[in-house]
Amino acid sequence: MAAEGIVRNLKPLEILTEEQVERIHRGALDVLEVTGVKVESEKARKIYEKGGCIVDHDDERVRFPPGLVEQSIRQCPTSFHMKALDRKNDLILGGTTTYFALFPGLRIADLDTWEVRQPTVQENHDANKIADGLENILASPSYTPYTDMVDVPPAMLLPVSTWSRLKYFSKISRVGTTMSSHIFEIQMAQALGVDIYGAMEAPPPLSWNEDATDCAIACAEAGFPVEPGTGGSMGATHPATLAGALVIGMAEVMSGVVLVQLVNPGNPVIVNCFPPPINMRSGHPAFGSISISLFQVAWNQIWRTRYGIPIMNGGSGPSSAKKIDFQVGYEKSVGAMLSAMSGANMINHCGGLMGELSYHPALSVLDNDAVGNIKRFLEGVKVNEDTLAIDLINDTGPIPGFFLNKQHTRDWWQQEQFTPLVSDQSTYPEWLEKGKKSSLDLARERADALLESWESKLSPGQEVEIDKILDDCRAWYKKKDLI
């Protein structure tokens, strides 16, 4: 049984012509054939070479025959199933279904001072527990909720993060990798009998470091889905033009797809590119920019119509706002709606604040409500004999006709309307009487209630097993003098 997700019953949003799609596709193939990509790992270069790529080992450069790239894309499944710890949260990625995921932040935001600080490991656990109870959040990337934690050495941050998600978040999760941490993260998932997808993240432009290719190879060998992804900044590590950023982003991701298919033909992939424009005043990424949505709508159209491969978006996750305010609401919600309308199958969105600098569970609760609105919109308008209600309208007639007391209203009202769980929809007198609470106040209350009601989905034996793997990981890093 798979999670319901959001089924898009509307025609997908498209902004490119067929000719433009083809020109971008051909441009990416040209870049891969003429310039290629830099691949740090000798192991990965040898796989590329055996598969038919032209490899210069001295220059660490790999160039790709166009036919091999297109063949590798054709080998990717158009949809795939992922098994969660709680089986009602299984995902089927592809087609017209969209799922929403968390978005990571480096540290926790203080809701009183709006400054950031290192969270504790317990706060990381608690944020996972709260997200576990949010009905519209069904996945979590690596580094999430928090990238940094008190008293956790850098080498252990990703293993501890994955261990925490697998213990306290019963939905789908992602493997990250730093200093070969994916070895132990994969072991944890296998010990629990769940699927986990692997991050293959390119350092742009046109490069793969050893961690990224090692993680992709290991996940493909284990049969786990892989997410070839990149995230250059337009105007800095990607071209300033949207079309140029699409060409280079597609070239980077296509080269990752080729590696995965050479390791395990037919292995599932989900493709991701998130290139925020550079803010030329500060040099920082302009998170929340509408150009990110333009890029992702075009990206989604190309991968959906030209290749049919499941698509991930992350552009709506990190607003530039420093507070949970009007800016964070419109930047995140506009981006998320456009990603969903254009066919993204997974959207990393909920909880992220201040670019990628912070995360807060209360924001994940608010974002969860926003996703509920998006879900209702994408379901569209049902038109059938019952919903048209022609007989009912004729029977009820003009004033003093009334629909509130009709069975039809009782049957359909909840199906047709979305009622937010924390947005304030009270009357003004009710709002005064209940203490003039803001939506953030209500979100904090729901977060506390979810934390209080959380129950573990792990058996005692499973908990012991992944605790042991984390201990083995810690011992391995100590032996290598990394902690």
# chains A, B, ... in the order shown; residues from 1 in each chain; ligands from 1
>>> residues_around(residues="A:Leu421", least_positions_apart="5", cutoff="10 Å", atoms="only C-alpha atoms", output="list in words")
Val365, Leu366, Asn368, Asp369, Gly372, Ser439, Leu442, Ala443 and Arg446 of chain A
>>> residues_around(residues="A:Ser364", least_positions_apart="4", cutoff="10 Å", atoms="only C-alpha atoms", output="number ranges by chain")
A: 101-103, 127, 130-131, 134, 137, 145, 349-353, 359-360, 368-370, 443, 447
>>> residues_around(residues="stretch 191-204 of chain A", least_positions_apart="4", cutoff="8 Å", atoms="only C-alpha atoms", output="PyMOL selection string")
chain A and resi 82-85+142+172-177+186-187+208-209+212-213+215-216+219+224-232+237-238+252+256+462+465-466
>>> write_last_selection(atoms="C-alpha atoms", output="JSON list (two decimals), in the first residue's frame")
[["chain", "number", "residue", "atom", "x", "y", "z"],
["A", 82, "MET", "CA", 10.01, 2.66, -2.45],
["A", 83, "LYS", "CA", 9.34, 0.75, 0.76],
["A", 84, "ALA", "CA", 9.05, 2.74, 4.00],
["A", 85, "LEU", "CA", 9.33, 1.50, 7.58],
["A", 142, "SER", "CA", 19.93, 13.70, 3.87],
["A", 172, "ILE", "CA", 11.26, 7.56, 2.99],
["A", 173, "SER", "CA", 14.77, 8.94, 3.55],
["A", 174, "ARG", "CA", 17.90, 9.71, 1.54],
["A", 175, "VAL", "CA", 21.52, 8.57, 1.90],
["A", 176, "GLY", "CA", 24.08, 11.36, 1.87],
["A", 177, "THR", "CA", 27.80, 10.88, 1.88],
["A", 186, "ILE", "CA", 23.05, 1.80, 3.44],
["A", 187, "GLN", "CA", 23.66, -0.87, 6.09],
["A", 208, "TRP", "CA", 31.86, 14.79, -9.82],
["A", 209, "ASN", "CA", 33.81, 14.32, -6.61],
["A", 212, "ALA", "CA", 29.26, 11.51, -5.00],
["A", 213, "THR", "CA", 30.24, 8.75, -7.41],
["A", 215, "CYS", "CA", 27.62, 6.80, -3.11],
["A", 216, "ALA", "CA", 25.91, 6.40, -6.50],
["A", 219, "CYS", "CA", 23.41, 2.50, -3.99],
["A", 224, "PHE", "CA", 18.51, 1.50, -4.28],
["A", 225, "PRO", "CA", 17.31, 4.48, -6.33],
["A", 226, "VAL", "CA", 19.86, 7.22, -7.01],
["A", 227, "GLU", "CA", 19.30, 10.96, -7.24],
["A", 228, "PRO", "CA", 21.80, 12.51, -9.67],
["A", 229, "GLY", "CA", 21.56, 16.17, -8.79],
["A", 230, "THR", "CA", 23.34, 19.46, -9.17],
["A", 231, "GLY", "CA", 22.93, 22.94, -7.81],
["A", 232, "GLY", "CA", 25.08, 25.58, -9.43],
["A", 237, "THR", "CA", 28.94, 28.20, -11.29],
["A", 238, "HIS", "CA", 26.19, 27.97, -13.93],
["A", 252, "GLU", "CA", 25.75, 17.22, -15.29],
["A", 256, "GLY", "CA", 25.27, 10.85, -13.43],
["A", 462, "GLN", "CA", 15.67, -3.27, 14.94],
["A", 465, "GLU", "CA", 20.69, -3.34, 15.14],
["A", 466, "ILE", "CA", 20.93, 0.20, 13.80]]
>>> select_by_dssp(residues="stretch 214-319 of chain A", states="strand (DSSP E)", output="list in words")
Val226, Glu227, Pro228, Gly229, Thr230, Val271, Asn272, Cys273, Ile311, Met312 and Asn313 of chain A
>>> write_last_selection(atoms="C-alpha atoms", output="mmCIF file, in the first residue's frame")
data_model
loop_
_atom_site.group_PDB
_atom_site.id
_atom_site.type_symbol
_atom_site.label_atom_id
_atom_site.label_comp_id
_atom_site.auth_asym_id
_atom_site.auth_seq_id
_atom_site.Cartn_x
_atom_site.Cartn_y
_atom_site.Cartn_z
ATOM 1 C CA VAL A 226 19.865 7.215 -7.012
ATOM 2 C CA GLU A 227 19.297 10.965 -7.244
ATOM 3 C CA PRO A 228 21.803 12.507 -9.675
ATOM 4 C CA GLY A 229 21.561 16.165 -8.791
ATOM 5 C CA THR A 230 23.342 19.460 -9.173
ATOM 6 C CA VAL A 271 16.736 13.715 -11.348
ATOM 7 C CA ASN A 272 17.271 17.015 -9.568
ATOM 8 C CA CYS A 273 18.768 20.404 -10.411
ATOM 9 C CA ILE A 311 11.739 14.365 -11.184
ATOM 10 C CA MET A 312 12.742 16.022 -7.921
ATOM 11 C CA ASN A 313 12.628 19.765 -7.187
#
>>> atom_distance(atom1="atom CA of A:Gly52", atom2="atom CA of A:Gly36")
13.3 Å
>>> closest_residue(among="A:Arg304, A:Arg74, A:Lys50, A:Arg61", to="A:Asn345", atoms="only C-alpha atoms")
A:Arg304
>>> select_by_dssp(residues="stretch 123-372 of chain A", states="alpha helix (DSSP H)", output="PyMOL selection string")
chain A and resi 123-132+157-168+182-192+210-222+242-263+290-302+326-341+361-372
>>> write_last_selection(atoms="C-alpha atoms", output="short mmCIF file (atom, residue, chain, number, x, y, z; two decimals), in the first residue's frame")
data_model
loop_
_atom_site.label_atom_id
_atom_site.label_comp_id
_atom_site.auth_asym_id
_atom_site.auth_seq_id
_atom_site.Cartn_x
_atom_site.Cartn_y
_atom_site.Cartn_z
CA GLU A 123 16.26 18.43 19.09
CA ASN A 124 17.09 16.68 15.82
CA HIS A 125 15.21 13.58 17.03
CA ASP A 126 12.25 15.74 18.08
CA ALA A 127 12.07 17.49 14.70
CA ASN A 128 11.97 14.07 13.01
CA LYS A 129 9.18 12.92 15.33
CA ILE A 130 7.10 15.99 14.52
CA ALA A 131 7.61 15.52 10.78
CA ASP A 132 6.63 11.87 11.16
CA LEU A 157 27.06 14.20 11.11
CA LEU A 158 25.56 12.29 8.19
CA PRO A 159 25.55 8.86 9.88
CA VAL A 160 23.91 10.36 12.99
CA SER A 161 21.41 12.22 10.80
CA THR A 162 20.41 9.07 8.91
CA TRP A 163 20.30 7.02 12.12
CA SER A 164 17.97 9.61 13.67
CA ARG A 165 15.66 9.66 10.63
CA LEU A 166 15.45 5.88 10.46
CA LYS A 167 14.60 5.71 14.18
CA TYR A 168 12.16 8.58 14.45
CA HIS A 182 27.07 6.04 2.79
CA ILE A 183 28.55 2.62 3.63
CA PHE A 184 26.94 2.67 7.06
CA GLU A 185 23.79 4.52 6.01
CA ILE A 186 23.05 1.80 3.44
CA GLN A 187 23.66 -0.87 6.09
CA MET A 188 21.12 0.79 8.39
CA ALA A 189 18.44 0.80 5.69
CA GLN A 190 19.16 -2.82 4.79
CA ALA A 191 18.97 -3.82 8.46
CA LEU A 192 15.44 -2.36 8.64
CA GLU A 210 34.67 10.89 -5.26
CA ASP A 211 32.06 10.92 -2.49
CA ALA A 212 29.26 11.51 -5.00
CA THR A 213 30.24 8.75 -7.41
CA ASP A 214 31.08 6.30 -4.62
CA CYS A 215 27.62 6.80 -3.11
CA ALA A 216 25.91 6.40 -6.50
CA ILE A 217 27.84 3.21 -7.27
CA ALA A 218 27.13 1.68 -3.85
CA CYS A 219 23.41 2.50 -3.99
CA ALA A 220 23.07 1.19 -7.55
CA GLU A 221 24.87 -2.02 -6.59
CA ALA A 222 22.41 -2.41 -3.70
CA LEU A 242 18.03 30.13 -17.80
CA ALA A 243 18.60 28.27 -21.08
CA GLY A 244 22.33 27.99 -20.41
CA ALA A 245 21.70 26.79 -16.85
CA LEU A 246 19.33 24.16 -18.24
CA VAL A 247 21.96 22.94 -20.72
CA ILE A 248 24.76 22.60 -18.15
CA GLY A 249 22.46 21.23 -15.44
CA MET A 250 21.13 18.59 -17.80
CA ALA A 251 24.65 17.67 -18.91
CA GLU A 252 25.75 17.22 -15.29
CA VAL A 253 22.73 15.12 -14.35
CA MET A 254 22.81 13.07 -17.57
CA SER A 255 26.42 12.12 -16.83
CA GLY A 256 25.27 10.85 -13.43
CA VAL A 257 22.44 8.86 -15.02
CA VAL A 258 24.99 7.18 -17.32
CA LEU A 259 27.11 6.04 -14.36
CA VAL A 260 24.12 4.58 -12.53
CA GLN A 261 22.95 2.66 -15.60
CA LEU A 262 26.44 1.34 -16.35
CA VAL A 263 26.64 -0.03 -12.79
CA ILE A 290 10.98 33.48 -9.25
CA SER A 291 13.70 32.57 -11.76
CA ILE A 292 14.25 29.36 -9.77
CA SER A 293 10.65 28.43 -10.50
CA LEU A 294 11.03 29.33 -14.17
CA PHE A 295 14.03 27.02 -14.30
CA GLN A 296 12.29 24.18 -12.51
CA VAL A 297 9.12 24.40 -14.60
CA ALA A 298 11.26 24.14 -17.75
CA TRP A 299 13.37 21.34 -16.20
CA ASN A 300 10.25 19.40 -15.30
CA GLN A 301 8.80 19.79 -18.78
CA ILE A 302 11.96 18.45 -20.44
CA PHE A 326 4.95 37.00 4.83
CA GLN A 327 8.11 36.67 2.72
CA VAL A 328 8.74 33.05 3.66
CA GLY A 329 5.11 32.24 2.94
CA TYR A 330 4.94 33.63 -0.56
CA GLU A 331 8.43 32.59 -1.66
CA LYS A 332 7.94 28.98 -0.60
CA SER A 333 4.29 28.56 -1.63
CA VAL A 334 4.59 30.10 -5.10
CA GLY A 335 7.61 27.92 -5.87
CA ALA A 336 5.99 24.78 -4.51
CA MET A 337 2.77 25.33 -6.47
CA LEU A 338 4.65 25.88 -9.74
CA SER A 339 6.80 22.79 -9.19
CA ALA A 340 3.75 20.65 -8.50
CA MET A 341 1.77 22.06 -11.43
CA PRO A 361 9.58 22.23 13.14
CA ALA A 362 6.93 24.96 13.48
CA LEU A 363 7.62 26.01 9.89
CA SER A 364 7.32 22.39 8.77
CA VAL A 365 3.83 22.40 10.33
CA LEU A 366 2.88 25.58 8.44
CA ASP A 367 4.37 24.25 5.21
CA ASN A 368 2.37 21.06 5.71
CA ASP A 369 -0.82 23.17 5.62
CA ALA A 370 0.37 24.95 2.46
CA VAL A 371 0.92 21.57 0.83
CA GLY A 372 -2.65 20.66 1.72
#
>>> closest_residue(among="A:Thr17, A:Lys479, A:Arg474, A:Asp386", to="A:Val152", atoms="only C-alpha atoms")
A:Arg474
